[in-house]
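S.K.: I am attaching a structure below and will ask some questions about it afterwards.
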Amino acid sequence: MGPSVTFENLTLGYDRHPAVHHLNAVIEAGALTAIVGPNGAGKSTLLKGITRTLVPYEGRITITENELHRIAYLPQQADIDRSFPITVWDLVAMGLWRRIGAFRLLRGDDRRRVAEALDAVGLTGFERRPIGSLSGGQMQRTLFARLLLQDASLILLDEPFTAIDEKTAADLLDLIAHWHSEERTVIAVLHDFDHVRTHFPRAMLLSRELVATGPTAEVLTGPNLAKARQLCEAFDESASICTRGAAA
Ligand SMILES: Nc1ncnc2c1ncn2[C@@H]1O[C@H](COP(=O)(O)OP(=O)(O)OP(=O)(O)O)[C@@H](O)[C@H]1O
């Protein structure tokens with residue numbers, strides 16, 4: 001079973017400006033949750049908080065069982081350097097590093113796992129291709145193959161389906177459903193509400209602060225979405241960290 005993630009009076013930000021503001025919420029162990037909200041709502045920032053890339057200005061994030069070493073994180077495509085000279089095979093094999101270390105040669109068993117992961121994402125035959133030559137969808141399949149090998153109990157995905165074709169999105173959604181059936185905790189930042197409604201049982205609607213969280217149908221309502229838009233439009237980008245809720 002994957003861990004639960006608890007946010008308590010959490011404020012995260014950059015240069016003393018808050019991006020996520022006094023968030024209180026719980027993501028249950030083994031839940032499949034979509035994080036949604038307007039542009040600039042703090043969704044990616046929240047994932048960076050969970051990976052400890054950002055240290056909270058206030059409050060805390062608690063992951064049960066101290067599972068930090070078992071987190072897999074897929075950043076937005078824009079944050080991935082595709083010019084790095086590495087083949088599909090080597091990038092996917094990096095998913096084994098936690099288990100076998102970065103510098104050990106792959107054994108037969110390891111090579112079989114890499115081949116199976118490539119097969120699972122439909123990339124058999126692409127092993128020797130440099131990642132710079134892949135389409136957006138093929139690159140995303142490669143990164144999902146690496147995630148498969150990471151065997152993480154908490155999987156964080158930042159906009160995994162942006163700018164990829166529907167067939168690839170459907171295949172990768174199947175993999176996510178499989179992770180959910182294995183009771184891993186999966187949290188994905190998503191923009192496509194159809195994907196969220198169809199494939200994600202739970203949702204968290206953010207707009208710098210929490211608007212709603214719970215079963216997806218109860219979160220993605222007209223009034224909640226209108227409130228999220230209003231909050232984001234009203235937010236002062238230059239606001240400093242406030243102490244509201246500090247005593248809570
Ligand atoms: N590295 C950074 N330095 C300074 N400000 C940042 C940085 N990253 C994000 N921000 C700001 O924090 C706020 C929240 O950004 P974040 O990327 O978390 O939003 P988001 O909900 O993921 O948006 P989108 O849907 O557009 O990707 C925005 O105002 C953004 O400009």
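In the structure tokens, chains take the letters A, B, ... in the order shown, each chain's residues start at 1, and ligands count up from 1 in the order shown.
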Counting only C-alpha atoms and all ligand atoms, which residues of chain A fall within 6 Å of ligand 1, and what is the closest atom pair for each with its distance in Å at one decimal, ordered by chain and rising number, as JSON lines?

M.R.:
{"residue": "A:Tyr14", "atom": "CA", "partner": "ligand 1", "partner_atom_place_in_ligand_line": "4 (C)", "distance": 4.8}
{"residue": "A:Ala19", "atom": "CA", "partner": "ligand 1", "partner_atom_place_in_ligand_line": "13 (C)", "distance": 4.6}
{"residue": "A:Pro38", "atom": "CA", "partner": "ligand 1", "partner_atom_place_in_ligand_line": "25 (O)", "distance": 5.9}
{"residue": "A:Asn39", "atom": "CA", "partner": "ligand 1", "partner_atom_place_in_ligand_line": "26 (O)", "distance": 3.5}
{"residue": "A:Gly40", "atom": "CA", "partner": "ligand 1", "partner_atom_place_in_ligand_line": "19 (O)", "distance": 3.5}
{"residue": "A:Ala41", "atom": "CA", "partner": "ligand 1", "partner_atom_place_in_ligand_line": "21 (O)", "distance": 3.7}
{"residue": "A:Gly42", "atom": "CA", "partner": "ligand 1", "partner_atom_place_in_ligand_line": "18 (O)", "distance": 3.3}
{"residue": "A:Lys43", "atom": "CA", "partner": "ligand 1", "partner_atom_place_in_ligand_line": "21 (O)", "distance": 3.8}
{"residue": "A:Ser44", "atom": "CA", "partner": "ligand 1", "partner_atom_place_in_ligand_line": "22 (O)", "distance": 3.7}
{"residue": "A:Thr45", "atom": "CA", "partner": "ligand 1", "partner_atom_place_in_ligand_line": "18 (O)", "distance": 3.7}

S.K.: Could you pull the residues within 12 Å of Ser135 in chain A, counting only C-alpha atoms, minus those fewer than 6 positions along the same chain, as a list in words?

M.R.: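 Once the adjacent positions are removed, what remains is Gln77, Arg82, Leu123, Phe126, Arg129, Arg141, Thr142, Ala163, Ile164, Asp165 and Thr168 of chain A.
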
S.K.: Residues within 8 Å of Val36 in chain A, please, as a PyMOL selection string. Count only C-alpha atoms; anything in the same chain fewer than 2 positions from it doesn't count.

M.R.: chain A and resi 34+38+43+189-191+203-206

S.K.: Excluding Val219 in chain A and any residue of its chain fewer than 4 positions from it, enumerate the residues within 9 Å of it, using only C-alpha atoms, and give them as a ChimeraX atom specification.

M.R.: /A:202-205,211-215,224-225

S.K.: Which distance in Å separates CA of Arg229 in chain A and CA of Gly37 in chain A, to one decimal?

M.R.: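 Computed distance, CA of Arg229 in chain A to CA of Gly37 in chain A, equals 8.0 Å.
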
S.K.: Select, from A:Pro85, A:Ile155, A:Ile35, A:Thr198, the residue with the minimum atom-to-atom distance to Leu210 in chain A, counting only C-alpha atoms.

M.R.: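 Under the stated criterion, the closest residue is A:Ile35.
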
S.K.: List every residue of range 74-218 of chain A that DSSP, applied to the backbone, labels as alpha helix (DSSP H), and write the result as an NGL selection string.

M.R.: :A and (88-93 or 97-100 or 108-120 or 136-150 or 166-181 or 193-199 or 216-218)

S.K.: Considering only C-alpha atoms, can you say which of A:Asp109, A:Glu28, A:Glu58, A:Glu233 comes closest to Leu154 in chain A?

M.R.: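 Looking at the shortest contact to Leu154 in chain A, the residue is A:Glu28.
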
S.K.: Between CA of Asp81 in chain A and CA of Leu143 in chain A, what is the distance, to one decimal in Å?

M.R.: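 Separating CA of Asp81 in chain A from CA of Leu143 in chain A is a distance of 12.3 Å.
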
S.K.: Which is closer to Leu156 in chain A than all the others in A:Ala188, A:Ala234, A:Ala31, A:Leu220, using only C-alpha atoms?

M.R.: A:Ala188

S.K.: Would you pick out the contacts of Ile80 in chain A at 12 Å or less, using only C-alpha atoms, so that residues sharing its chain but fewer than 6 positions from it are not included, and give the list as a PyMOL selection string?

M.R.: chain A and resi 73-74+131-132+136+139-140+143+158

S.K.: Set the distance at 9 Å and use only C-alpha atoms: which residues neighbour Glu127 in chain A once local chain neighbours fewer than 3 positions away are removed? I'd like the list as a PDB file with C-alpha atoms, in the first residue's frame.

M.R.:
ATOM      1  CA  THR A  87      19.506   6.472 -25.541  1.00  0.00           C
ATOM      2  CA  VAL A  88      15.996   5.281 -24.731  1.00  0.00           C
ATOM      3  CA  TRP A  89      17.464   2.102 -23.204  1.00  0.00           C
ATOM      4  CA  ASP A  90      19.846   3.983 -20.888  1.00  0.00           C
ATOM      5  CA  ALA A 115      13.010  -4.839 -22.025  1.00  0.00           C
ATOM      6  CA  LEU A 118       9.821  -0.897 -22.907  1.00  0.00           C
ATOM      7  CA  LEU A 123       8.593   1.011 -27.387  1.00  0.00           C
ATOM      8  CA  THR A 124      10.247  -2.281 -28.258  1.00  0.00           C
ATOM      9  CA  PRO A 130      18.721   8.988 -28.784  1.00  0.00           C
TER      10      PRO A 130
END

S.K.: Which residue is closest to Leu173 in chain A? Choose from A:Leu23, A:Ser4, A:Leu32, A:Arg113 and count only C-alpha atoms.

M.R.: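 Closest candidate: A:Leu32.
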
S.K.: Need to verify the contact set: Val20 in chain A, 7 Å, only C-alpha atoms, exclusion of same-chain residues closer than 4 positions in sequence. Can you return it as a list in words?

M.R.: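 So the residues in contact are Thr11, Leu12, Gly13, Gly42, Arg208 and Glu209 of chain A.
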
S.K.: I need the chosen residues saved as a compact mmCIF listing (two decimals), in the first residue's frame, with C-alpha atoms.

M.R.:
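result-v1.txt written:
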# COMPACT_ATOMS: atom_id res chain seq x y z
CA THR A 11 2.49 27.52 2.70
CA LEU A 12 5.00 27.07 -0.13
CA GLY A 13 6.44 29.78 -2.32
CA GLY A 42 0.24 26.26 -7.32
CA ARG A 208 -3.35 29.03 -4.32
CA GLU A 209 -5.49 27.77 -1.46

S.K.: Of the candidates A:Phe235, A:Phe144, A:Phe193, A:Phe200, which one gets nearest to Ala177 in chain A if we count only C-alpha atoms?

M.R.: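 Ranked by minimum distance to Ala177 in chain A, first place goes to A:Phe200.
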
S.K.: Please, what distance in Å, to one decimal, runs between CA of Pro75 in chain A and CA of Ala226 in chain A?

M.R.: 27.6 Å

S.K.: For the structure I just gave you, how does DSSP split range 45-121 of chain A - specifically, which residues are strand (DSSP E or B)? Reply as a VMD selection string.

M.R.: chain A and resid 58 to 63 71 to 74 87

S.K.: Generate a file of the selected residues that holds C-alpha atoms, formatted as a PDB file, in the first residue's frame.

M.R.:
ATOM      1  CA  GLU A  58       4.981  27.432   7.084  1.00  0.00           C
ATOM      2  CA  GLY A  59       3.236  24.226   8.046  1.00  0.00           C
ATOM      3  CA  ARG A  60       4.255  20.743   6.983  1.00  0.00           C
ATOM      4  CA  ILE A  61       3.816  17.826   4.629  1.00  0.00           C
ATOM      5  CA  THR A  62       3.772  14.416   6.260  1.00  0.00           C
ATOM      6  CA  ILE A  63       4.239  11.249   4.227  1.00  0.00           C
ATOM      7  CA  ILE A  71       8.783   8.605  -4.476  1.00  0.00           C
ATOM      8  CA  ALA A  72       8.861   8.738  -8.272  1.00  0.00           C
ATOM      9  CA  TYR A  73       8.376  12.179  -9.798  1.00  0.00           C
ATOM     10  CA  LEU A  74       7.695  12.997 -13.437  1.00  0.00           C
ATOM     11  CA  THR A  87      19.506   6.472 -25.541  1.00  0.00           C
TER      12      THR A  87
END
